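Structure file my_file20.pdb; described as PDB, C-alpha atoms.
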```pdb
ATOM      1  CA  MET H  49      28.143  -9.842 -25.239  1.00  0.00           C
ATOM      2  CA  SER H  50      26.227 -11.080 -22.214  1.00  0.00           C
ATOM      3  CA  GLU H  51      23.384 -13.569 -22.468  1.00  0.00           C
ATOM      4  CA  GLN H  52      19.913 -12.029 -22.394  1.00  0.00           C
ATOM      5  CA  HIS H  53      17.266 -13.352 -19.984  1.00  0.00           C
ATOM      6  CA  GLY H  54      14.082 -12.461 -21.869  1.00  0.00           C
ATOM      7  CA  ASN H  55      14.292  -8.738 -21.086  1.00  0.00           C
ATOM      8  CA  SER H  56      16.604  -5.789 -21.593  1.00  0.00           C
ATOM      9  CA  TYR H  57      18.367  -6.107 -18.242  1.00  0.00           C
ATOM     10  CA  PRO H  58      21.788  -7.718 -17.889  1.00  0.00           C
ATOM     11  CA  PRO H  59      22.183 -10.810 -15.705  1.00  0.00           C
ATOM     12  CA  PRO H  60      23.326 -10.244 -12.118  1.00  0.00           C
ATOM     13  CA  PRO H  61      27.093 -10.364 -11.496  1.00  0.00           C
ATOM     14  CA  ASP H  62      28.452 -13.699 -10.243  1.00  0.00           C
ATOM     15  CA  GLY H  63      27.858 -14.262  -6.559  1.00  0.00           C
ATOM     16  CA  GLN H  64      25.164 -11.588  -6.308  1.00  0.00           C
ATOM     17  CA  PRO H  65      21.554 -12.641  -5.645  1.00  0.00           C
ATOM     18  CA  GLY H  66      18.723 -11.211  -7.659  1.00  0.00           C
ATOM     19  CA  GLN H  67      16.740 -11.645 -10.804  1.00  0.00           C
ATOM     20  CA  PRO H  68      17.266  -9.536 -13.896  1.00  0.00           C
ATOM     21  CA  GLY H  69      14.783  -6.682 -13.806  1.00  0.00           C
ATOM     22  CA  GLN H  70      14.106  -7.151 -10.108  1.00  0.00           C
ATOM     23  CA  PRO H  71      13.404  -3.814  -8.428  1.00  0.00           C
ATOM     24  CA  GLY H  72      16.671  -2.416  -7.203  1.00  0.00           C
ATOM     25  CA  TYR H  73      18.820  -4.402  -9.657  1.00  0.00           C
ATOM     26  CA  GLY H  74      19.426  -3.843 -13.321  1.00  0.00           C
ATOM     27  CA  ALA H  75      16.498  -1.461 -13.788  1.00  0.00           C
ATOM     28  CA  PRO H  76      16.898   2.085 -15.087  1.00  0.00           C
ATOM     29  CA  ALA H  77      18.160   4.598 -12.521  1.00  0.00           C
ATOM     30  CA  GLY H  78      15.502   5.471  -9.967  1.00  0.00           C
ATOM     31  CA  VAL H  79      13.214   2.533 -10.696  1.00  0.00           C
ATOM     32  CA  GLY H  80      13.107   0.095  -7.804  1.00  0.00           C
ATOM     33  CA  ASP H  81      14.625   2.535  -5.332  1.00  0.00           C
ATOM     34  CA  VAL H  82      13.048   2.772  -1.904  1.00  0.00           C
ATOM     35  CA  ALA H  83      10.134   5.232  -2.026  1.00  0.00           C
ATOM     36  CA  SER H  84      10.640   8.344   0.091  1.00  0.00           C
ATOM     37  CA  THR H  85       8.707   9.012   3.275  1.00  0.00           C
ATOM     38  CA  GLY H  86       7.062  12.084   1.730  1.00  0.00           C
ATOM     39  CA  VAL H  87       5.798  10.173  -1.293  1.00  0.00           C
ATOM     40  CA  ARG H  88       4.499   7.366   0.947  1.00  0.00           C
ATOM     41  CA  ILE H  89       2.653   9.789   3.224  1.00  0.00           C
ATOM     42  CA  GLY H  90       1.298  11.631   0.181  1.00  0.00           C
ATOM     43  CA  GLY H  91       0.057   8.322  -1.189  1.00  0.00           C
ATOM     44  CA  PHE H  92      -1.610   7.504   2.106  1.00  0.00           C
ATOM     45  CA  VAL H  93      -3.427  10.856   2.158  1.00  0.00           C
ATOM     46  CA  LEU H  94      -4.468  10.546  -1.491  1.00  0.00           C
ATOM     47  CA  ASP H  95      -5.757   7.000  -0.903  1.00  0.00           C
ATOM     48  CA  VAL H  96      -7.784   8.210   2.092  1.00  0.00           C
ATOM     49  CA  VAL H  97      -9.398  10.949  -0.040  1.00  0.00           C
ATOM     50  CA  VAL H  98     -10.194   8.563  -2.912  1.00  0.00           C
ATOM     51  CA  LEU H  99     -11.539   5.948  -0.506  1.00  0.00           C
ATOM     52  CA  ALA H 100     -13.670   8.518   1.337  1.00  0.00           C
ATOM     53  CA  ILE H 101     -15.359   9.442  -1.939  1.00  0.00           C
ATOM     54  CA  ILE H 102     -15.927   5.807  -2.939  1.00  0.00           C
ATOM     55  CA  ALA H 103     -17.140   4.791   0.538  1.00  0.00           C
ATOM     56  CA  THR H 104     -19.532   7.737   0.684  1.00  0.00           C
ATOM     57  CA  VAL H 105     -21.127   6.686  -2.598  1.00  0.00           C
ATOM     58  CA  VAL H 106     -21.389   3.068  -1.416  1.00  0.00           C
ATOM     59  CA  MET H 107     -22.759   3.972   2.032  1.00  0.00           C
ATOM     60  CA  LEU H 108     -25.232   6.622   0.855  1.00  0.00           C
ATOM     61  CA  PRO H 109     -28.043   4.151   0.061  1.00  0.00           C
ATOM     62  CA  PHE H 110     -27.932   3.015   3.706  1.00  0.00           C
ATOM     63  CA  ALA H 111     -28.215   6.566   5.076  1.00  0.00           C
ATOM     64  CA  THR H 112     -31.167   7.824   7.063  1.00  0.00           C
ATOM     65  CA  THR H 113     -31.729  11.404   8.112  1.00  0.00           C
ATOM     66  CA  SER H 114     -33.233  12.828  11.243  1.00  0.00           C
ATOM     67  CA  SER H 115     -34.046  16.320  12.416  1.00  0.00           C
ATOM     68  CA  GLY H 116     -34.930  17.909  15.669  1.00  0.00           C
ATOM     69  CA  GLY H 117     -34.145  20.997  17.644  1.00  0.00           C
ATOM     70  CA  GLY H 118     -33.088  22.869  14.521  1.00  0.00           C
ATOM     71  CA  GLU H 119     -30.445  20.294  13.600  1.00  0.00           C
ATOM     72  CA  VAL H 120     -30.347  17.698  10.854  1.00  0.00           C
ATOM     73  CA  GLY H 121     -28.418  14.474  11.248  1.00  0.00           C
ATOM     74  CA  MET H 122     -27.508  11.526   9.084  1.00  0.00           C
ATOM     75  CA  SER H 123     -26.711   7.939  10.044  1.00  0.00           C
ATOM     76  CA  VAL H 124     -25.671   4.994   7.898  1.00  0.00           C
ATOM     77  CA  GLY H 125     -26.340   2.264  10.459  1.00  0.00           C
ATOM     78  CA  GLY H 126     -24.614  -1.074  10.864  1.00  0.00           C
ATOM     79  CA  ARG H 127     -25.164  -2.312   7.312  1.00  0.00           C
ATOM     80  CA  GLY H 128     -23.809   0.925   5.866  1.00  0.00           C
ATOM     81  CA  MET H 129     -20.745   0.767   8.104  1.00  0.00           C
ATOM     82  CA  PHE H 130     -20.186  -2.868   7.097  1.00  0.00           C
ATOM     83  CA  ALA H 131     -20.446  -1.904   3.412  1.00  0.00           C
ATOM     84  CA  GLY H 132     -17.895   0.862   3.987  1.00  0.00           C
ATOM     85  CA  LEU H 133     -15.536  -1.578   5.727  1.00  0.00           C
ATOM     86  CA  VAL H 134     -15.810  -4.082   2.859  1.00  0.00           C
ATOM     87  CA  VAL H 135     -15.158  -1.362   0.264  1.00  0.00           C
ATOM     88  CA  SER H 136     -12.148  -0.153   2.239  1.00  0.00           C
ATOM     89  CA  ALA H 137     -10.682  -3.642   2.504  1.00  0.00           C
ATOM     90  CA  LEU H 138     -11.261  -4.318  -1.190  1.00  0.00           C
ATOM     91  CA  TYR H 139      -9.805  -0.944  -2.209  1.00  0.00           C
ATOM     92  CA  TYR H 140      -6.493  -1.694  -0.516  1.00  0.00           C
ATOM     93  CA  ILE H 141      -6.171  -5.484  -0.645  1.00  0.00           C
ATOM     94  CA  VAL H 142      -7.191  -6.413  -4.199  1.00  0.00           C
ATOM     95  CA  PRO H 143      -4.954  -4.019  -6.166  1.00  0.00           C
ATOM     96  CA  THR H 144      -2.054  -4.490  -3.738  1.00  0.00           C
ATOM     97  CA  ALA H 145      -2.260  -8.291  -4.041  1.00  0.00           C
ATOM     98  CA  LEU H 146      -2.577  -8.271  -7.827  1.00  0.00           C
ATOM     99  CA  TYR H 147      -0.506  -5.251  -8.915  1.00  0.00           C
ATOM    100  CA  GLY H 148       1.275  -3.933  -5.806  1.00  0.00           C
ATOM    101  CA  GLN H 149      -0.491  -0.587  -6.264  1.00  0.00           C
ATOM    102  CA  THR H 150      -3.558   1.277  -5.128  1.00  0.00           C
ATOM    103  CA  LEU H 151      -4.735   4.184  -7.263  1.00  0.00           C
ATOM    104  CA  ALA H 152      -2.573   6.632  -5.283  1.00  0.00           C
ATOM    105  CA  LYS H 153       0.536   4.459  -5.588  1.00  0.00           C
ATOM    106  CA  LYS H 154      -0.046   4.206  -9.346  1.00  0.00           C
ATOM    107  CA  LEU H 155      -0.418   7.993  -9.655  1.00  0.00           C
ATOM    108  CA  LEU H 156       2.653   8.686  -7.497  1.00  0.00           C
ATOM    109  CA  GLY H 157       4.853   6.037  -9.110  1.00  0.00           C
ATOM    110  CA  THR H 158       5.291   3.637  -6.204  1.00  0.00           C
ATOM    111  CA  LYS H 159       4.617  -0.048  -5.713  1.00  0.00           C
ATOM    112  CA  VAL H 160       4.525  -2.573  -2.865  1.00  0.00           C
ATOM    113  CA  VAL H 161       6.857  -5.507  -3.498  1.00  0.00           C
ATOM    114  CA  ARG H 162       8.049  -8.560  -1.596  1.00  0.00           C
ATOM    115  CA  VAL H 163      11.451  -8.092   0.029  1.00  0.00           C
ATOM    116  CA  ASP H 164      12.583 -11.608  -0.900  1.00  0.00           C
ATOM    117  CA  ASP H 165      12.011 -11.524  -4.664  1.00  0.00           C
ATOM    118  CA  GLY H 166      10.708  -8.078  -5.691  1.00  0.00           C
ATOM    119  CA  GLN H 167       7.397  -9.464  -6.953  1.00  0.00           C
ATOM    120  CA  VAL H 168       3.915  -8.177  -6.083  1.00  0.00           C
ATOM    121  CA  PRO H 169       2.870  -9.158  -2.555  1.00  0.00           C
ATOM    122  CA  GLY H 170       0.096 -11.646  -3.338  1.00  0.00           C
ATOM    123  CA  TRP H 171      -2.999 -12.213  -1.234  1.00  0.00           C
ATOM    124  CA  GLY H 172      -1.475 -13.230   2.111  1.00  0.00           C
ATOM    125  CA  LYS H 173       0.948 -10.327   2.358  1.00  0.00           C
ATOM    126  CA  ALA H 174      -1.635  -7.808   1.070  1.00  0.00           C
ATOM    127  CA  VAL H 175      -4.182  -8.946   3.660  1.00  0.00           C
ATOM    128  CA  GLY H 176      -1.536  -8.975   6.399  1.00  0.00           C
ATOM    129  CA  ARG H 177      -0.413  -5.414   5.598  1.00  0.00           C
ATOM    130  CA  GLN H 178      -3.984  -4.162   5.659  1.00  0.00           C
ATOM    131  CA  VAL H 179      -4.917  -5.917   8.899  1.00  0.00           C
ATOM    132  CA  ILE H 180      -1.890  -4.390  10.631  1.00  0.00           C
ATOM    133  CA  LEU H 181      -2.675  -0.919   9.233  1.00  0.00           C
ATOM    134  CA  ALA H 182      -6.315  -1.267  10.297  1.00  0.00           C
ATOM    135  CA  LEU H 183      -5.217  -2.180  13.824  1.00  0.00           C
ATOM    136  CA  LEU H 184      -2.885   0.825  13.905  1.00  0.00           C
ATOM    137  CA  ASN H 185      -5.741   3.092  12.772  1.00  0.00           C
ATOM    138  CA  PHE H 186      -8.145   1.618  15.314  1.00  0.00           C
ATOM    139  CA  PHE H 187      -6.533   3.630  18.111  1.00  0.00           C
ATOM    140  CA  CYS H 188      -7.245   7.107  16.696  1.00  0.00           C
ATOM    141  CA  TYR H 189      -4.241   7.115  14.348  1.00  0.00           C
ATOM    142  CA  LEU H 190      -1.682   7.604  17.167  1.00  0.00           C
ATOM    143  CA  PRO H 191       0.096   4.271  16.450  1.00  0.00           C
ATOM    144  CA  GLN H 192      -0.045   5.104  12.733  1.00  0.00           C
ATOM    145  CA  ILE H 193       1.747   8.397  13.442  1.00  0.00           C
ATOM    146  CA  VAL H 194       4.419   6.523  15.424  1.00  0.00           C
ATOM    147  CA  ASN H 195       4.662   4.034  12.534  1.00  0.00           C
ATOM    148  CA  ALA H 196       5.208   6.919  10.077  1.00  0.00           C
ATOM    149  CA  ILE H 197       7.945   8.413  12.278  1.00  0.00           C
ATOM    150  CA  LEU H 198       9.732   5.070  12.551  1.00  0.00           C
ATOM    151  CA  LEU H 199       9.281   4.520   8.800  1.00  0.00           C
ATOM    152  CA  ALA H 200      10.961   7.875   8.141  1.00  0.00           C
ATOM    153  CA  LYS H 201      13.974   6.846  10.239  1.00  0.00           C
ATOM    154  CA  ASP H 202      14.300   3.355   8.725  1.00  0.00           C
ATOM    155  CA  PRO H 203      16.891   3.158   5.879  1.00  0.00           C
ATOM    156  CA  GLN H 204      14.528   0.972   3.822  1.00  0.00           C
ATOM    157  CA  LYS H 205      11.479   3.132   4.765  1.00  0.00           C
ATOM    158  CA  ARG H 206       9.641   0.044   6.033  1.00  0.00           C
ATOM    159  CA  GLY H 207       6.868   0.478   8.573  1.00  0.00           C
ATOM    160  CA  TRP H 208       5.622  -2.143  11.028  1.00  0.00           C
ATOM    161  CA  HIS H 209       3.178  -3.421   8.419  1.00  0.00           C
ATOM    162  CA  ASP H 210       5.986  -3.901   5.875  1.00  0.00           C
ATOM    163  CA  LYS H 211       8.367  -5.580   8.313  1.00  0.00           C
ATOM    164  CA  ALA H 212       5.693  -7.944   9.626  1.00  0.00           C
ATOM    165  CA  VAL H 213       4.835  -9.349   6.200  1.00  0.00           C
ATOM    166  CA  GLY H 214       8.123  -8.879   4.322  1.00  0.00           C
ATOM    167  CA  THR H 215       7.281  -6.051   1.924  1.00  0.00           C
ATOM    168  CA  ARG H 216       8.699  -2.670   0.964  1.00  0.00           C
ATOM    169  CA  VAL H 217       7.539   0.218  -1.209  1.00  0.00           C
ATOM    170  CA  VAL H 218       9.668   1.105  -4.227  1.00  0.00           C
ATOM    171  CA  THR H 219       9.556   3.606  -7.062  1.00  0.00           C
ATOM    172  CA  THR H 220       8.256   2.605 -10.498  1.00  0.00           C
ATOM    173  CA  ARG H 221       9.580   5.520 -12.509  1.00  0.00           C
TER     174      ARG H 221
END
```
Would you give me this structure, written as structure tokens?
Amino acid sequence: MSEQHGNSYPPPPDGQPGQPGQPGYGAPAGVGDVASTGVRIGGFVLDVVVLAIIATVVMLPFATTSSGGGEVGMSVGGRGMFAGLVVSALYYIVPTALYGQTLAKKLLGTKVVRVDDGQVPGWGKAVGRQVILALLNFFCYLPQIVNAILLAKDPQKRGWHDKAVGTRVVTTR
């Protein structure tokens, strides 16, 4: 019988890198596989919806209304926009750094992991991913669309943000 390494996964075969239980090795079938493009895009959309709700609640106290000419308008001003930006950064960075998952990734059964060891990204990689995604979104989502197309064609389904910081998105169930 093979030696156990503190979990239910067998040790890696001789000459093969990896840690027992590392995503993609020794885990039950399907767990640790590269997440599909459709699931990743679905997660992105779901995260945007969740974040829009949270950001609206956070920015609402900064809102002012105006009316004139039969129209009513609302503005959140610079402080409200800053609050929304902070909430957005925290929504993506903190759970990705600590757990590898935003709410959408948790619900859809995916997780961001480091390519080198399969562990959660940590602070540097989580911040790096988000900065790159924010820059892609800055130009009216066109670069983000190109990123999604290239991600779909990549065998490991890694976008520019994943390749730049050494992460990938895998399944958790």
Expansion of the PyMOL selection byres ((chain H and resi 87-97) around 10) into residues, as an NGL selection string: :H and (83-86 or 98-103 or 136 or 139-140 or 150-159 or 196 or 199-200 or 205 or 217-219)
File dump, residues just selected, C-alpha atoms, as a JSON list (two decimals), in the coordinates of the input:
```json
[["chain", "number", "residue", "atom", "x", "y", "z"],
["H", 83, "ALA", "CA", 10.13, 5.23, -2.03],
["H", 84, "SER", "CA", 10.64, 8.34, 0.09],
["H", 85, "THR", "CA", 8.71, 9.01, 3.28],
["H", 86, "GLY", "CA", 7.06, 12.08, 1.73],
["H", 98, "VAL", "CA", -10.19, 8.56, -2.91],
["H", 99, "LEU", "CA", -11.54, 5.95, -0.51],
["H", 100, "ALA", "CA", -13.67, 8.52, 1.34],
["H", 101, "ILE", "CA", -15.36, 9.44, -1.94],
["H", 102, "ILE", "CA", -15.93, 5.81, -2.94],
["H", 103, "ALA", "CA", -17.14, 4.79, 0.54],
["H", 136, "SER", "CA", -12.15, -0.15, 2.24],
["H", 139, "TYR", "CA", -9.80, -0.94, -2.21],
["H", 140, "TYR", "CA", -6.49, -1.69, -0.52],
["H", 150, "THR", "CA", -3.56, 1.28, -5.13],
["H", 151, "LEU", "CA", -4.74, 4.18, -7.26],
["H", 152, "ALA", "CA", -2.57, 6.63, -5.28],
["H", 153, "LYS", "CA", 0.54, 4.46, -5.59],
["H", 154, "LYS", "CA", -0.05, 4.21, -9.35],
["H", 155, "LEU", "CA", -0.42, 7.99, -9.65],
["H", 156, "LEU", "CA", 2.65, 8.69, -7.50],
["H", 157, "GLY", "CA", 4.85, 6.04, -9.11],
["H", 158, "THR", "CA", 5.29, 3.64, -6.20],
["H", 159, "LYS", "CA", 4.62, -0.05, -5.71],
["H", 196, "ALA", "CA", 5.21, 6.92, 10.08],
["H", 199, "LEU", "CA", 9.28, 4.52, 8.80],
["H", 200, "ALA", "CA", 10.96, 7.88, 8.14],
["H", 205, "LYS", "CA", 11.48, 3.13, 4.76],
["H", 217, "VAL", "CA", 7.54, 0.22, -1.21],
["H", 218, "VAL", "CA", 9.67, 1.10, -4.23],
["H", 219, "THR", "CA", 9.56, 3.61, -7.06]]
```
Picked residues, the PyMOL selection byres ((chain H and resi 192) around 12), as a PyMOL selection string: chain H and resi 89+92+180-191+193-199+207-209
Residue nearest Val175 in chain H - candidates H:Gly116, H:Pro143, H:Pro203, H:Pro109, atoms counted: all atoms listed in the file: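 Comparing H:Gly116, H:Pro143, H:Pro203, H:Pro109 against Val175 in chain H, the winner is H:Pro143.
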Distance of CA of Val179 in chain H from CA of Arg221 in chain H, expressed in Å to one decimal place: 28.3 Å
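Take CA of Trp171 in chain H and CA of Asp202 in chain H: the distance between them is 25.3 Å.
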Neighbour residues at most 10 Å from (7.5, -7.8, -5.0) (all atoms listed in the file) as a VMD selection string: chain H and resid 70 to 71 145 147 to 148 159 to 170 214 to 218
Option closest in space to Met129 in chain H, from H:Gln149, H:Thr104, H:Ser114, H:Thr144 [counting only C-alpha atoms]: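 Residue with the minimum atom-to-atom distance to Met129 in chain H: H:Thr104.
The space separating CA of Gly126 in chain H from CA of Gly172 in chain H comes to 27.6 Å.
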